[in-house]
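final-v7.tsv (TSV, C-alpha atoms)
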chain	number	residue	atom	x	y	z
A	1	THR	CA	26.70	13.82	14.50
A	2	VAL	CA	27.80	12.32	17.82
A	3	ALA	CA	30.51	14.95	18.22
A	4	ILE	CA	28.08	17.80	17.47
A	5	ASP	CA	25.40	16.49	19.82
A	6	SER	CA	27.97	15.85	22.55
A	7	TYR	CA	29.27	19.40	22.27
A	8	PHE	CA	25.86	21.10	22.50
A	9	TRP	CA	24.55	18.76	25.20
A	10	GLN	CA	27.84	19.02	27.12
A	11	HIS	CA	27.87	15.27	27.62
A	12	PHE	CA	30.17	12.77	25.91
A	13	PRO	CA	29.32	10.54	24.23
A	14	LYS	CA	25.86	11.79	23.24
A	15	TRP	CA	24.07	9.68	20.63
A	16	PRO	CA	20.38	10.68	20.61
A	17	GLU	CA	19.32	7.98	18.15
A	18	MET	CA	20.79	5.24	20.33
A	19	GLU	CA	19.21	6.72	23.44
A	20	VAL	CA	15.81	6.71	21.76
A	21	PHE	CA	16.34	3.12	20.61
A	22	VAL	CA	17.32	1.97	24.11
A	23	TYR	CA	14.45	3.92	25.71
A	24	ASN	CA	11.83	2.44	23.39
A	25	THR	CA	13.13	-1.14	23.13
A	26	TYR	CA	15.46	-2.20	25.92
A	27	MET	CA	13.82	-0.04	28.62
A	28	ASN	CA	10.40	-0.45	26.93
A	29	LYS	CA	9.09	2.90	28.15
A	30	SER	CA	7.40	4.04	24.96
A	31	HIS	CA	4.02	3.19	26.52
A	32	GLN	CA	4.34	6.38	28.58
A	33	TRP	CA	3.42	8.32	25.43
A	34	GLY	CA	0.27	6.30	24.78
A	35	THR	CA	-0.39	2.84	23.41
A	36	GLU	CA	-2.22	1.24	20.49
A	37	PRO	CA	-3.19	-2.39	19.76
A	38	PHE	CA	-0.59	-4.65	18.16
A	39	ALA	CA	-2.21	-4.66	14.70
A	40	TRP	CA	-2.95	-0.91	14.68
A	41	TYR	CA	-0.56	-0.21	11.79
A	42	PHE	CA	-2.29	-2.77	9.58
A	43	TYR	CA	-5.94	-1.92	10.24
A	44	SER	CA	-5.69	1.82	10.89
A	45	ALA	CA	-2.41	3.54	9.98
A	46	LEU	CA	-1.69	1.94	6.59
A	47	PRO	CA	-5.29	2.18	5.26
A	48	ARG	CA	-5.38	5.88	6.19
A	49	ALA	CA	-1.99	6.51	4.62
A	50	LEU	CA	-2.49	4.51	1.40
A	51	LEU	CA	-6.26	5.08	0.99
A	52	GLY	CA	-7.39	3.17	-2.14
A	53	GLY	CA	-3.88	1.93	-2.78
A	54	PHE	CA	-4.18	-0.27	0.30
A	55	ILE	CA	-6.53	-2.58	-1.63
A	56	LEU	CA	-4.22	-2.69	-4.66
A	57	VAL	CA	-1.14	-3.83	-2.72
A	58	PRO	CA	-2.37	-7.47	-2.39
A	59	LEU	CA	-3.38	-7.46	-6.08
A	60	SER	CA	0.12	-6.36	-7.02
A	61	LEU	CA	1.46	-9.74	-5.89
A	62	LEU	CA	-0.42	-11.54	-8.68
A	63	GLN	CA	1.32	-12.24	-11.96
A	64	THR	CA	-1.86	-11.28	-13.82
A	65	PRO	CA	-4.35	-8.79	-12.37
A	66	PRO	CA	-7.86	-10.28	-12.06
A	67	ARG	CA	-9.48	-8.40	-14.92
A	68	ILE	CA	-13.22	-8.86	-15.31
A	69	GLY	CA	-12.95	-10.34	-18.81
A	70	LEU	CA	-10.42	-12.94	-17.73
A	71	LEU	CA	-12.47	-13.95	-14.71
A	72	LEU	CA	-15.50	-14.57	-16.92
A	73	ARG	CA	-13.66	-16.59	-19.58
A	74	CYS	CA	-11.10	-18.53	-17.56
A	75	ARG	CA	-12.13	-22.07	-16.59
A	76	HIS	CA	-9.22	-22.59	-14.20
A	77	LEU	CA	-9.32	-19.65	-11.84
A	78	HIS	CA	-6.27	-20.83	-9.91
A	79	GLN	CA	-4.20	-19.94	-12.98
A	80	LEU	CA	-5.17	-16.30	-12.54
A	81	PHE	CA	-4.02	-16.15	-8.95
A	82	ARG	CA	-0.40	-17.11	-9.38
A	83	VAL	CA	1.86	-15.12	-7.08
A	84	ASP	CA	4.87	-13.24	-8.39
A	85	ARG	CA	7.78	-14.25	-6.18
A	86	ASP	CA	9.91	-11.23	-7.08
A	87	ARG	CA	7.21	-8.89	-5.84
A	88	CYS	CA	6.84	-10.92	-2.68
A	89	ARG	CA	10.56	-10.43	-2.06
A	90	ILE	CA	10.00	-6.69	-2.35
A	91	LEU	CA	7.02	-6.69	0.00
A	92	LEU	CA	8.48	-9.00	2.62
A	93	PRO	CA	11.09	-6.55	4.06
A	94	VAL	CA	8.44	-3.83	4.24
A	95	LEU	CA	5.99	-6.05	6.12
A	96	THR	CA	8.81	-7.18	8.42
A	97	PHE	CA	9.68	-3.55	9.12
A	98	VAL	CA	6.07	-2.70	10.03
A	99	LEU	CA	5.68	-5.91	12.02
A	100	LEU	CA	8.76	-5.17	14.14
A	101	TYR	CA	7.44	-1.69	14.91
A	102	SER	CA	4.14	-3.26	15.92
A	103	PHE	CA	5.83	-4.78	18.96
A	104	LEU	CA	6.37	-1.28	20.39
A	105	PRO	CA	3.39	-0.27	22.55
A	106	HIS	CA	3.57	3.36	21.41
A	107	LYS	CA	2.69	3.69	17.73
A	108	GLU	CA	2.61	6.62	15.34
A	109	LEU	CA	2.10	6.79	11.60
A	110	ARG	CA	5.38	8.66	11.12
A	111	PHE	CA	7.30	5.65	12.42
A	112	ILE	CA	6.46	3.66	9.29
A	113	PHE	CA	6.86	6.45	6.72
A	114	PRO	CA	9.84	4.61	5.11
A	115	ALA	CA	7.49	1.78	4.13
A	116	LEU	CA	4.98	3.97	2.28
A	117	PRO	CA	6.95	4.63	-0.97
A	118	VAL	CA	7.45	0.91	-1.55
A	119	LEU	CA	3.79	0.13	-0.86
A	120	ASN	CA	2.64	2.93	-3.17
A	121	ALA	CA	4.95	1.67	-5.90
A	122	LEU	CA	3.49	-1.84	-5.58
A	123	ALA	CA	-0.04	-0.42	-5.68
A	124	THR	CA	0.62	1.07	-9.13
A	125	LEU	CA	1.44	-2.31	-10.67
A	126	PRO	CA	-2.18	-3.53	-11.05
A	127	LEU	CA	-3.17	-0.24	-12.69
A	128	ALA	CA	-0.25	-0.47	-15.10
A	129	ALA	CA	-1.15	-4.08	-15.86
A	130	PHE	CA	-4.75	-3.13	-16.66
A	131	LEU	CA	-3.49	-0.74	-19.33
A	132	ALA	CA	-0.60	-2.86	-20.64
A	133	PHE	CA	-2.25	-6.29	-20.78
A	134	PRO	CA	-4.15	-5.77	-24.08
A	135	PHE	CA	-0.95	-4.57	-25.79
A	136	LEU	CA	1.15	-7.56	-24.64
A	137	ARG	CA	-0.75	-10.07	-26.75
A	138	SER	CA	1.23	-11.89	-29.44
A	139	GLY	CA	0.71	-11.58	-33.18
A	140	THR	CA	-0.62	-15.14	-33.29
A	141	ASP	CA	-3.42	-14.18	-30.93
A	142	ASP	CA	-4.24	-11.18	-33.10
A	143	ALA	CA	-4.46	-13.30	-36.26
A	144	ARG	CA	-6.49	-16.05	-34.59
A	145	GLU	CA	-9.00	-13.93	-32.69
A	146	GLY	CA	-9.27	-10.99	-35.04
A	147	VAL	CA	-8.53	-7.29	-34.88
A	148	GLY	CA	-11.98	-6.47	-33.54
A	149	TYR	CA	-11.48	-8.67	-30.49
A	150	CYS	CA	-8.10	-7.10	-29.74
A	151	ARG	CA	-9.59	-3.64	-30.03
A	152	ARG	CA	-12.26	-4.60	-27.51
A	153	MET	CA	-9.53	-5.88	-25.20
A	154	VAL	CA	-7.68	-2.58	-25.45
A	155	ARG	CA	-10.87	-0.62	-24.84
A	156	SER	CA	-11.86	-2.74	-21.84
A	157	GLY	CA	-8.37	-2.43	-20.34
A	158	ILE	CA	-8.48	1.35	-20.62
A	159	ILE	CA	-11.99	1.47	-19.15
A	160	GLU	CA	-11.07	-0.76	-16.21
A	161	ALA	CA	-7.90	1.20	-15.46
A	162	GLY	CA	-9.78	4.49	-15.82
A	163	CYS	CA	-12.48	3.35	-13.41
A	164	ALA	CA	-9.89	2.17	-10.92
A	165	MET	CA	-8.00	5.48	-11.06
A	166	ALA	CA	-11.25	7.44	-10.80
A	167	LEU	CA	-12.25	5.47	-7.71
A	168	LEU	CA	-8.81	6.13	-6.19
A	169	ALA	CA	-9.13	9.85	-6.89
A	170	VAL	CA	-12.66	10.04	-5.43
A	171	SER	CA	-11.68	8.04	-2.35
A	172	ALA	CA	-8.64	10.26	-1.83
A	173	LEU	CA	-10.78	13.41	-2.11
A	174	CYS	CA	-13.41	12.07	0.31
A	175	ALA	CA	-10.74	10.97	2.78
A	176	TRP	CA	-9.05	14.37	2.52
A	177	LEU	CA	-12.32	16.14	3.35
A	178	VAL	CA	-12.93	13.83	6.32
A	179	PHE	CA	-9.40	14.26	7.63
A	180	LEU	CA	-9.63	18.02	7.15
A	181	ALA	CA	-12.79	18.20	9.25
A	182	ALA	CA	-11.27	15.91	11.90
A	183	SER	CA	-8.05	17.92	12.13
A	184	SER	CA	-10.00	21.06	12.96
A	185	VAL	CA	-11.05	19.53	16.29
A	186	ASN	CA	-7.79	17.76	17.06
A	187	TYR	CA	-6.48	20.55	19.27
A	188	PRO	CA	-8.92	21.15	22.15
A	189	GLY	CA	-6.31	23.18	24.04
A	190	GLY	CA	-6.42	25.93	21.45
A	191	GLU	CA	-10.21	25.91	21.46
A	192	ALA	CA	-10.22	26.07	25.26
A	193	LEU	CA	-7.94	29.13	25.24
A	194	ALA	CA	-10.09	30.86	22.61
A	195	GLU	CA	-13.21	30.13	24.68
A	196	LEU	CA	-11.48	31.53	27.77
A	197	HIS	CA	-10.69	34.76	25.95
A	198	ARG	CA	-14.26	34.97	24.68
A	199	ARG	CA	-15.76	34.59	28.13
A	200	LEU	CA	-13.16	36.59	30.02
A	201	PRO	CA	-11.77	39.17	27.61
A	202	SER	CA	-10.18	41.07	30.49
A	203	CYS	CA	-7.69	38.23	31.11
A	204	GLN	CA	-5.99	38.64	27.74
A	205	GLY	CA	-2.38	39.60	28.19
A	206	ASP	CA	-2.19	38.24	31.75
A	207	ALA	CA	0.55	35.77	32.66
A	208	GLY	CA	-0.42	32.18	33.42
A	209	ASP	CA	0.68	28.56	33.35
A	210	VAL	CA	-0.52	26.72	30.25
A	211	GLY	CA	0.52	23.27	31.46
A	212	GLY	CA	1.73	20.28	29.51
A	213	GLY	CA	-1.71	19.13	28.41
A	214	GLY	CA	-2.73	22.47	26.94
A	215	GLY	CA	0.68	23.06	25.37
A	216	SER	CA	0.53	19.76	23.49
A	217	ASN	CA	-3.07	20.23	22.37
A	218	GLY	CA	-3.07	23.44	20.43
A	219	ILE	CA	-2.14	26.36	22.66
A	220	GLN	CA	0.55	28.38	20.91
A	221	LEU	CA	2.30	31.14	22.79
A	222	PRO	CA	4.25	33.99	21.20
As structure tokens, please, write out the structure in this file.
Amino acid sequence: TVAIDSYFWQHFPKWPEMEVFVYNTYMNKSHQWGTEPFAWYFYSALPRALLGGFILVPLSLLQTPPRIGLLLRCRHLHQLFRVDRDRCRILLPVLTFVLLYSFLPHKELRFIFPALPVLNALATLPLAAFLAFPFLRSGTDDAREGVGYCRRMVRSGIIEAGCAMALLAVSALCAWLVFLAASSVNYPGGEALAELHRRLPSCQGDAGDVGGGGGSNGIQLP
């Protein structure tokens, strides 16, 4: 794309991606577009993007999800909180990616979009484990503890997974309604122009300077 960009910009060589990288890192001028705290991605952006899945990501690192029945019966709780190293290897590059972007003063959710598919995939692992755990028991366990017990395990696993998925769906719906209401007031420039037309209807059609602030806050011109 360097040749195409150089031709249309009439400047050789023209590499927009490199210019953006140098501007934001080496020149460190991204703060001119606004700044956020260092940990903003972790306490604001990722929770809003993942919703309920944000809570499931840490649970996905466990070899066995902390099911209620296991927590009540297990005498050695540390055995239930063994970390899966393979999953940690998957999560580590993603966290490193987000952490490196956290050093930039200017932060936007879209900057970390590549990390979201991996985090969502990890968040599904505890739900899958809730459903699969009762079916992974050996035949010896079935013979020793009885068919009735195994049926209760299956039923409890389905109930726990169903409750978890229902909570995720409800939280997603509630968050969507909140974000929808918030987005309606995110563009004060458009509301200001509509109010101007309401108060001064005679000015409609007249030429004027919108300005950078109004143009970036909702005023759309034909």
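For the pair atom CA of Lys107 of chain A and atom CA of Glu19 of chain A, the separation is 17.7 Å.
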Subject >> Distance of atom CA of Ser102 of chain A from atom CA of Ala39 of chain A, expressed in Å to one decimal place >> reply: 6.6 Å
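Straight-line separation from atom CA of Pro126 of chain A to atom CA of Leu173 of chain A: 21.0 Å.
Proximity ranking of A:Ile112, A:Leu168, A:Leu61, A:Leu50 relative to Arg89 of chain A places A:Leu61 first, based on all atoms listed in the file.
Within the 12 Å cut-off around Phe21 of chain A, using all atoms listed in the file and omitting residues fewer than 5 positions from it on the same chain, the listed residues are Trp15, Pro16, Tyr26, Met27, Asn28, Lys29, Ser30, Tyr101 and Leu104 of chain A.
You can rank A:Leu51, A:Leu62, A:Leu91, A:Leu193 by their closest distance to Ser171 of chain A using all atoms listed in the file, and at the top of that list sits A:Leu51.
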Original post:
Within 12 Å of (6.9, -10.9, -7.2), in the coordinates the file gives, what residues turn up when you count all atoms listed in the file, written out as a list of chain:residue names?
Top reply: A:Val57, A:Pro58, A:Leu59, A:Ser60, A:Leu61, A:Leu62, A:Gln63, A:Thr64, A:Arg82, A:Val83, A:Asp84, A:Arg85, A:Asp86, A:Arg87, A:Cys88, A:Arg89, A:Ile90, A:Leu91, A:Leu92, A:Leu122, A:Leu125
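Residues in contact with Met165 of chain A at 12 Å, where only C-alpha atoms are counted and same-chain residues fewer than 2 positions away are skipped, are listed as Gly52, Gly53, Leu56, Ala123, Thr124, Pro126, Leu127, Ala128, Phe130, Leu131, Ile158, Ile159, Glu160, Ala161, Gly162, Cys163, Leu167, Leu168, Ala169, Val170, Ser171 and Ala172 of chain A.
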Put those residues in a file: C-alpha atoms, as a short mmCIF file (atom, residue, chain, number, x, y, z; two decimals), in the frame of the given file.
data_model
loop_
_atom_site.label_atom_id
_atom_site.label_comp_id
_atom_site.auth_asym_id
_atom_site.auth_seq_id
_atom_site.Cartn_x
_atom_site.Cartn_y
_atom_site.Cartn_z
CA GLY A 52 -7.39 3.17 -2.14
CA GLY A 53 -3.88 1.93 -2.78
CA LEU A 56 -4.22 -2.69 -4.66
CA ALA A 123 -0.04 -0.42 -5.68
CA THR A 124 0.62 1.07 -9.13
CA PRO A 126 -2.18 -3.53 -11.05
CA LEU A 127 -3.17 -0.24 -12.69
CA ALA A 128 -0.25 -0.47 -15.10
CA PHE A 130 -4.75 -3.13 -16.66
CA LEU A 131 -3.49 -0.74 -19.33
CA ILE A 158 -8.48 1.35 -20.62
CA ILE A 159 -11.99 1.47 -19.15
CA GLU A 160 -11.07 -0.76 -16.21
CA ALA A 161 -7.90 1.20 -15.46
CA GLY A 162 -9.78 4.49 -15.82
CA CYS A 163 -12.48 3.35 -13.41
CA LEU A 167 -12.25 5.47 -7.71
CA LEU A 168 -8.81 6.13 -6.19
CA ALA A 169 -9.13 9.85 -6.89
CA VAL A 170 -12.66 10.04 -5.43
CA SER A 171 -11.68 8.04 -2.35
CA ALA A 172 -8.64 10.26 -1.83
#
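Residue nearest Leu116 of chain A within the list A:Leu180, A:Val185, A:Ala45, A:Cys174: A:Ala45 [criterion: smallest interatomic distance, all atoms listed in the file].
Here the question is which of A:Val22, A:Ala164, A:Ile55, A:Leu196 gets nearest to Asn120 of chain A using all atoms listed in the file, and that residue is A:Ile55.
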Where's the centre, and what are the edge lengths in Å to one decimal, of a box along x, y and z enclosing all listed atoms of segment 91-94 of chain A padded 8 Å per side, as AutoDock Vina command-line options?
--center_x 9.1 --center_y -6.4 --center_z 2.1 --size_x 20.1 --size_y 21.2 --size_z 20.2
